[in-house]
Amino acid sequence: LQYMSGFGNEHVSEDPRCPGALPEGQNNPQVCPYGLYAEQLSGSAFTCPRPTNKRSWLYRILPSVCHKPFKPLEEGHLTHDWDEIEPDPNQLRWKPFEIPKAPQNKMDFVSGLHTLCGAGEPRGRNGIAVHIFVCNTSMIDRCLYNSDGDFLIVPQQGKLLITTEFGKMLVEPNEICVIQQGMRFSVEVFGETRGYILEVYGAHFELPDLGPIGANGLANPRDFLVPVAWYEDRQVPGGYTVISKYQGKLFAAQQDYSPFNVVAWHGNYTPYKYHLEKFMVINAVAFDHADPSIFTVLTAKTTRAGVALADFVIFPPRWGVANNTFRPPYYHRNCMSEFMGLIKGHYEAKEEGFQPGGGSLHSMMTPHGPDADCFEKASKAKLEPERVADGTMAFMFESSLSLAVTKWGLQTSNRLDKNYYKCWEPLKSHFNPKCK
C-alpha cells in the first residue's frame, strides 16, 4: 500500500488507472473528467477560519446519495445513555476483553463494537465515548460511517485492512488511525482481533501545541500517513449495506454498488494513520517528573484554552535518568478522567493484573498510583540510567469530562476485576518522626 505524508496537508490523489481524473483549476466543472460526479465532504462549517477549515472534494462514479432509506439496525452494543446504571467512582480495572470464537459466533467490526464509558451526547456536539471492539470476521459488502464524530482506532491484537473512500490503510498493533466524521470505511481482519476506540463529538483531533518545546518533537507532522486514491467499480446485486452511526444508534441503508468508487480526490479532510514508534519522547533529565502531557500524540480541544475534550497519550520505551527521584508514576488525584489501555508488554506502575487487551479507569478526583510492589521496588532501586517500558506500549485516553461507565462495562462484559483495589492494600506507613 502507498501513502502520502503530512498531518492536515492539502493532498491531491487520483487512481493511476484514470490519469487526469482531477479537474484542473476548479472543484465542480459542468462535466467532470471520465463522467464522474463531484461531491464535497465538509468536516467543518463553511465559515470556519482557514486554519481550521476542513473539506475534501471527491470525484466518484456515483454520488453517495444513491441509496434506499435508512432503517434502525439492532446490532452491536453502542450507547450514549450514561444513566443506565448508577455512577461508580471507584478505581476500575478490566481483564482482557474476550474475543468471540469463529465460526460459532461470527462477529465483524460493527457487530463487535461495545461502549465502555463516556460523557456528553452527540446531538449537542460535545462529548466523548470509549469503545472496545472485538471481532473475528471481515465486513462483507457493508461499510460504516460515523455521523456523530471522529473515531481514533487503536488495534491491540490483529491487523486491520481498512478500505475508505480515500483509499486503503493497513493498521497494525502499535499503530493508530483516525477515521473522521462522515467518512465511509470497511474493516477486513485476519483472525481474532481486538482494540480500543476513542470517539469525540464536536471536535477534531489535532497535534498539541509545543510551547517551550519549540518547533520539533512529540508526534511530528510528516510521520502521519494518508491513503492514496483507489476505486472499485463494482455492482452488488444482492445489496450493499451502508451503516450510519447517528445520534448514538445504528441505521442501515441498502444500495446496489460499492461506496468505494472514488477515482480521485483533493483536500485536507482525510483519514490518516500513525506509527507510535515514531513518537519523539521528551523526558526529565535532572530530577522529578515532567507532567504526562509531554506524551500527548493527539488532542481534541475545548473552547477553554489548554483544556482538552480528549487527549491521546502514550507511554513508549524511553530512558529514565532522573536523580533522587521516585521514577514510576507518582500518586495522584486529577480533575481529568483517565482511561488506560495496554497494547503490549507490562505497564511499569502495575506489572501484574493490568494486561494487554484490558483497561483501567481512574475517574475524576479518584486517587490512583503505583501498586505496593512497585512502590517498594522503586523506593529502594539504585538510581542509574535505565531503559523504561522496553517491549511495552501503554496509552491513555484523558478527558476533562466526568465519564460514566455503561452497564456492559460494569456487568454484562463480566471482565471487571473486582479485586483491583487490593493492589494498594499492602502499602504501609514508613513514617518515623525521629528520622528525617
# chains A, B, ... in the order shown; residues from 1 in each chain; ligands from 1
$ residues_around --residues "region 118-127 of chain A" --least-positions-apart "2" --cutoff "7 Å" --atoms "only C-alpha atoms" --output "list of chain:residue names"
A:His80, A:Trp82, A:Ala129, A:Val130, A:Asp148, A:Val200, A:Tyr201, A:Gly202, A:Gln247, A:Gly248, A:Leu401, A:Ser402, A:Leu403, A:Ala404, A:Val405
$ residues_around --residues "Glu192 (chain A)" --least-positions-apart "3" --cutoff "8 Å" --atoms "only C-alpha atoms" --output "ChimeraX atom specification"
/A:99-101,134-137,157-158,189
$ write_last_selection --atoms "N, CA and C atoms" --output "JSON list (two decimals), in the first residue's frame"
[["chain", "number", "residue", "atom", "x", "y", "z"],
["A", 99, "ILE", "N", -12.59, -12.17, 22.98],
["A", 99, "ILE", "CA", -12.89, -12.17, 21.55],
["A", 99, "ILE", "C", -13.72, -13.41, 21.24],
["A", 100, "PRO", "N", -14.86, -13.26, 20.60],
["A", 100, "PRO", "CA", -15.68, -14.43, 20.29],
["A", 100, "PRO", "C", -14.95, -15.37, 19.34],
["A", 101, "LYS", "N", -15.25, -16.64, 19.44],
["A", 101, "LYS", "CA", -14.63, -17.65, 18.60],
["A", 101, "LYS", "C", -15.45, -17.85, 17.32],
["A", 134, "VAL", "N", -14.19, -6.12, 19.40],
["A", 134, "VAL", "CA", -13.70, -7.50, 19.33],
["A", 134, "VAL", "C", -14.37, -8.14, 18.13],
["A", 135, "CYS", "N", -13.60, -8.75, 17.24],
["A", 135, "CYS", "CA", -14.19, -9.34, 16.04],
["A", 135, "CYS", "C", -13.31, -10.47, 15.53],
["A", 136, "ASN", "N", -13.92, -11.28, 14.67],
["A", 136, "ASN", "CA", -13.21, -12.44, 14.12],
["A", 136, "ASN", "C", -13.49, -12.64, 12.63],
["A", 137, "THR", "N", -14.23, -11.73, 12.01],
["A", 137, "THR", "CA", -14.54, -11.86, 10.59],
["A", 137, "THR", "C", -14.58, -10.48, 9.96],
["A", 157, "GLN", "N", -4.77, -6.41, 19.09],
["A", 157, "GLN", "CA", -4.46, -7.75, 18.60],
["A", 157, "GLN", "C", -5.03, -7.88, 17.20],
["A", 158, "GLY", "N", -4.20, -8.27, 16.25],
["A", 158, "GLY", "CA", -4.65, -8.44, 14.88],
["A", 158, "GLY", "C", -4.58, -7.14, 14.10],
["A", 189, "VAL", "N", -10.35, -8.18, 8.60],
["A", 189, "VAL", "CA", -9.48, -8.71, 9.64],
["A", 189, "VAL", "C", -8.96, -10.07, 9.21]]
$ residues_around --residues "Ser13 (chain A)" --least-positions-apart "6" --cutoff "7 Å" --atoms "only C-alpha atoms" --output "short mmCIF file (atom, residue, chain, number, x, y, z; two decimals) with all heavy atoms, in the first residue's frame"
data_model
loop_
_atom_site.label_atom_id
_atom_site.label_comp_id
_atom_site.auth_asym_id
_atom_site.auth_seq_id
_atom_site.Cartn_x
_atom_site.Cartn_y
_atom_site.Cartn_z
N VAL A 228 -3.76 6.76 -0.58
CA VAL A 228 -3.89 7.29 -1.94
C VAL A 228 -5.17 6.76 -2.56
O VAL A 228 -5.71 5.72 -2.16
CB VAL A 228 -2.68 6.91 -2.80
CG1 VAL A 228 -1.39 7.51 -2.22
CG2 VAL A 228 -2.54 5.39 -2.93
N ALA A 229 -5.67 7.48 -3.56
CA ALA A 229 -6.95 7.15 -4.19
C ALA A 229 -6.93 5.73 -4.75
O ALA A 229 -5.96 5.29 -5.37
CB ALA A 229 -7.26 8.16 -5.29
N ALA A 264 -10.75 9.92 -7.75
CA ALA A 264 -9.77 10.95 -7.41
C ALA A 264 -10.34 11.84 -6.32
O ALA A 264 -11.56 11.90 -6.13
CB ALA A 264 -9.42 11.78 -8.66
N TRP A 265 -9.46 12.50 -5.60
CA TRP A 265 -9.90 13.42 -4.55
C TRP A 265 -8.80 14.44 -4.26
O TRP A 265 -7.62 14.21 -4.56
CB TRP A 265 -10.29 12.69 -3.27
CG TRP A 265 -9.20 11.87 -2.61
CD1 TRP A 265 -8.93 10.54 -2.80
CD2 TRP A 265 -8.23 12.34 -1.66
NE1 TRP A 265 -7.86 10.15 -2.04
CE2 TRP A 265 -7.42 11.24 -1.32
CE3 TRP A 265 -7.98 13.57 -1.06
CZ2 TRP A 265 -6.36 11.33 -0.42
CZ3 TRP A 265 -6.92 13.67 -0.15
CH2 TRP A 265 -6.13 12.55 0.16
N HIS A 266 -9.19 15.55 -3.67
CA HIS A 266 -8.22 16.50 -3.14
C HIS A 266 -8.82 17.20 -1.93
O HIS A 266 -10.04 17.32 -1.81
CB HIS A 266 -7.78 17.53 -4.21
CG HIS A 266 -8.79 18.60 -4.48
ND1 HIS A 266 -8.86 19.77 -3.74
CD2 HIS A 266 -9.78 18.70 -5.41
CE1 HIS A 266 -9.83 20.54 -4.20
NE2 HIS A 266 -10.41 19.92 -5.21
#
$ select_by_dssp --residues "region 98-202 of chain A" --states "strand (DSSP E)" --output "ChimeraX atom specification"
/A:113-121,126-135,142-146,149-157,160-164,167-171,175-179,185-188,193-201
$ write_last_selection --atoms "C-alpha atoms" --output "tab-separated table (two decimals), in the first residue's frame"
chain	number	residue	atom	x	y	z
A	113	LEU	CA	-18.43	-2.59	18.97
A	114	HIS	CA	-19.09	-2.21	22.71
A	115	THR	CA	-19.34	1.12	24.55
A	116	LEU	CA	-17.40	1.06	27.80
A	117	CYS	CA	-17.74	4.62	29.11
A	118	GLY	CA	-18.29	8.21	28.06
A	119	ALA	CA	-19.91	11.58	28.70
A	120	GLY	CA	-21.86	14.22	26.82
A	121	GLU	CA	-24.01	13.45	23.81
A	126	ASN	CA	-19.90	17.90	22.89
A	127	GLY	CA	-18.68	14.66	24.42
A	128	ILE	CA	-16.62	11.52	24.09
A	129	ALA	CA	-17.06	7.76	24.26
A	130	VAL	CA	-14.62	4.90	24.77
A	131	HIS	CA	-15.47	1.72	22.88
A	132	ILE	CA	-13.94	-1.74	22.76
A	133	PHE	CA	-14.06	-3.73	19.52
A	134	VAL	CA	-13.70	-7.50	19.33
A	135	CYS	CA	-14.19	-9.34	16.04
A	142	ARG	CA	-21.07	-3.34	4.18
A	143	CYS	CA	-19.44	-0.18	5.45
A	144	LEU	CA	-19.82	2.20	8.38
A	145	TYR	CA	-19.70	5.95	8.73
A	146	ASN	CA	-19.95	7.96	11.92
A	149	GLY	CA	-17.82	12.31	15.50
A	150	ASP	CA	-14.31	11.03	14.89
A	151	PHE	CA	-13.03	7.53	15.65
A	152	LEU	CA	-9.44	7.16	16.90
A	153	ILE	CA	-8.81	3.41	16.50
A	154	VAL	CA	-6.10	1.60	18.49
A	155	PRO	CA	-5.69	-2.04	17.40
A	156	GLN	CA	-4.28	-4.27	20.13
A	157	GLN	CA	-4.46	-7.75	18.60
A	160	LEU	CA	-6.90	-4.10	10.24
A	161	LEU	CA	-7.09	-3.56	6.49
A	162	ILE	CA	-9.32	-0.51	6.31
A	163	THR	CA	-10.86	0.49	2.99
A	164	THR	CA	-12.06	4.09	2.93
A	167	GLY	CA	-8.09	4.62	-0.30
A	168	LYS	CA	-6.76	1.74	1.79
A	169	MET	CA	-4.77	1.67	5.04
A	170	LEU	CA	-3.19	-1.29	6.80
A	171	VAL	CA	-3.17	-0.60	10.55
A	175	GLU	CA	-0.18	1.93	15.01
A	176	ILE	CA	-3.30	4.06	15.27
A	177	CYS	CA	-5.66	5.50	12.70
A	178	VAL	CA	-8.28	8.25	12.73
A	179	ILE	CA	-11.45	7.98	10.66
A	185	PHE	CA	-14.98	2.70	5.78
A	186	SER	CA	-14.96	-1.08	5.90
A	187	VAL	CA	-12.68	-3.28	8.03
A	188	GLU	CA	-11.08	-6.54	6.92
A	193	THR	CA	-8.95	-9.07	16.53
A	194	ARG	CA	-9.32	-6.63	19.41
A	195	GLY	CA	-8.73	-2.98	20.14
A	196	TYR	CA	-9.87	0.32	21.59
A	197	ILE	CA	-11.65	3.35	20.14
A	198	LEU	CA	-11.76	6.93	21.39
A	199	GLU	CA	-14.71	8.78	19.87
A	200	VAL	CA	-15.04	12.57	20.11
A	201	TYR	CA	-18.15	14.60	19.32
$ closest_residue --among "A:Arg184, A:Lys418, A:Lys106, A:His430" --to "Asn90 (chain A)" --atoms "only C-alpha atoms"
A:Lys418
$ residues_around --residues "Pro329 (chain A)" --least-positions-apart "2" --cutoff "10 Å" --atoms "only C-alpha atoms" --output "number ranges by chain"
A: 289, 291-292, 326-327, 331-332, 348-349, 368-370, 374-375
$ closest_residue --among "A:Phe205, A:Phe251, A:Trp319, A:Phe339" --to "Gly358 (chain A)" --atoms "only C-alpha atoms"
A:Phe339
$ residues_around --residues "Thr392 (chain A)" --least-positions-apart "5" --cutoff "6 Å" --atoms "only C-alpha atoms" --output "ChimeraX atom specification"
/A:344-346
$ write_last_selection --atoms "all heavy atoms" --output "compact mmCIF listing (two decimals), in the first residue's frame"
# COMPACT_ATOMS: atom_id res chain seq x y z
N LYS A 344 0.77 -3.81 24.39
CA LYS A 344 1.68 -4.96 24.56
C LYS A 344 2.55 -4.72 25.78
O LYS A 344 2.71 -3.58 26.25
CB LYS A 344 2.55 -5.15 23.32
CG LYS A 344 3.45 -3.96 23.00
CD LYS A 344 4.31 -4.23 21.77
CE LYS A 344 5.21 -3.04 21.46
NZ LYS A 344 6.12 -3.31 20.32
N GLY A 345 3.13 -5.80 26.33
CA GLY A 345 4.09 -5.70 27.41
C GLY A 345 3.45 -5.53 28.78
O GLY A 345 2.31 -5.96 29.02
N HIS A 346 4.18 -4.88 29.70
CA HIS A 346 3.75 -4.68 31.07
C HIS A 346 3.90 -3.20 31.42
O HIS A 346 4.93 -2.60 31.13
CB HIS A 346 4.61 -5.51 32.05
CG HIS A 346 4.53 -6.98 31.82
ND1 HIS A 346 3.52 -7.77 32.34
CD2 HIS A 346 5.33 -7.82 31.10
CE1 HIS A 346 3.70 -9.03 31.95
NE2 HIS A 346 4.80 -9.08 31.21
$ closest_residue --among "A:Ile85, A:Ser42, A:Val262, A:Cys32" --to "Thr412 (chain A)" --atoms "only C-alpha atoms"
A:Ile85
$ select_by_dssp --residues "region 143-293 of chain A" --states "helix (DSSP H, G or I)" --output "number ranges by chain"
A: 211-213, 221-223, 276-278, 292-293
$ write_last_selection --atoms "N, CA and C atoms" --output "short mmCIF file (atom, residue, chain, number, x, y, z; two decimals), in the first residue's frame"
data_model
loop_
_atom_site.label_atom_id
_atom_site.label_comp_id
_atom_site.auth_asym_id
_atom_site.auth_seq_id
_atom_site.Cartn_x
_atom_site.Cartn_y
_atom_site.Cartn_z
N GLY A 211 4.63 24.80 22.61
CA GLY A 211 5.09 25.78 23.59
C GLY A 211 6.60 25.85 23.69
N PRO A 212 7.16 25.80 24.91
CA PRO A 212 8.61 25.93 25.07
C PRO A 212 9.41 24.79 24.46
N ILE A 213 8.75 23.66 24.14
CA ILE A 213 9.48 22.58 23.47
C ILE A 213 10.07 23.08 22.16
N PRO A 221 4.60 16.06 12.24
CA PRO A 221 3.56 16.02 11.20
C PRO A 221 3.86 15.11 10.02
N ARG A 222 5.13 15.02 9.63
CA ARG A 222 5.44 14.25 8.42
C ARG A 222 5.27 12.74 8.62
N ASP A 223 5.15 12.29 9.87
CA ASP A 223 5.03 10.85 10.13
C ASP A 223 3.59 10.35 10.05
N LEU A 276 3.27 4.49 16.39
CA LEU A 276 3.62 5.04 17.69
C LEU A 276 5.13 5.01 17.96
N GLU A 277 5.88 4.15 17.25
CA GLU A 277 7.33 4.12 17.44
C GLU A 277 8.00 5.39 16.93
N LYS A 278 7.31 6.18 16.13
CA LYS A 278 7.89 7.40 15.59
C LYS A 278 7.76 8.58 16.54
N PRO A 292 2.62 14.31 32.50
CA PRO A 292 2.39 13.33 31.41
C PRO A 292 1.86 13.96 30.13
N SER A 293 1.52 15.24 30.15
CA SER A 293 1.11 15.91 28.91
C SER A 293 2.22 15.90 27.86
#
$ residues_around --residues "Ser413 (chain A)" --least-positions-apart "2" --cutoff "10 Å" --atoms "only C-alpha atoms" --output "PyMOL selection string"
chain A and resi 94-95+97-98+114+116+407-411+415-416
$ residues_around --residues "Cys423 (chain A)" --least-positions-apart "5" --cutoff "9 Å" --atoms "only C-alpha atoms" --output "ChimeraX atom specification"
/A:350,353,370-373
$ write_last_selection --atoms "N, CA and C atoms" --output "compact mmCIF listing (two decimals), in the first residue's frame"
# COMPACT_ATOMS: atom_id res chain seq x y z
N LYS A 350 2.17 -1.07 37.32
CA LYS A 350 1.35 -2.22 37.75
C LYS A 350 1.70 -3.40 36.84
N GLY A 353 -1.63 -7.87 36.74
CA GLY A 353 -3.05 -7.54 36.74
C GLY A 353 -3.50 -6.65 35.59
N PRO A 370 1.01 3.89 41.70
CA PRO A 370 1.66 2.58 41.63
C PRO A 370 1.19 1.64 42.73
N ASP A 371 1.19 0.35 42.41
CA ASP A 371 0.78 -0.62 43.42
C ASP A 371 1.89 -0.77 44.47
N ALA A 372 1.60 -1.54 45.49
CA ALA A 372 2.52 -1.63 46.63
C ALA A 372 3.87 -2.21 46.23
N ASP A 373 3.85 -3.23 45.38
CA ASP A 373 5.10 -3.87 44.97
C ASP A 373 5.97 -2.88 44.19
$ atom_distance --atom1 "CA of Asp390 (chain A)" --atom2 "CA of Phe224 (chain A)"
23.2 Å
$ closest_residue --among "A:Gly320, A:Gly182, A:Gly341, A:Pro173" --to "His275 (chain A)" --atoms "only C-alpha atoms"
A:Pro173
$ atom_distance --atom1 "CA of Met4 (chain A)" --atom2 "CA of Thr270 (chain A)"
11.0 Å
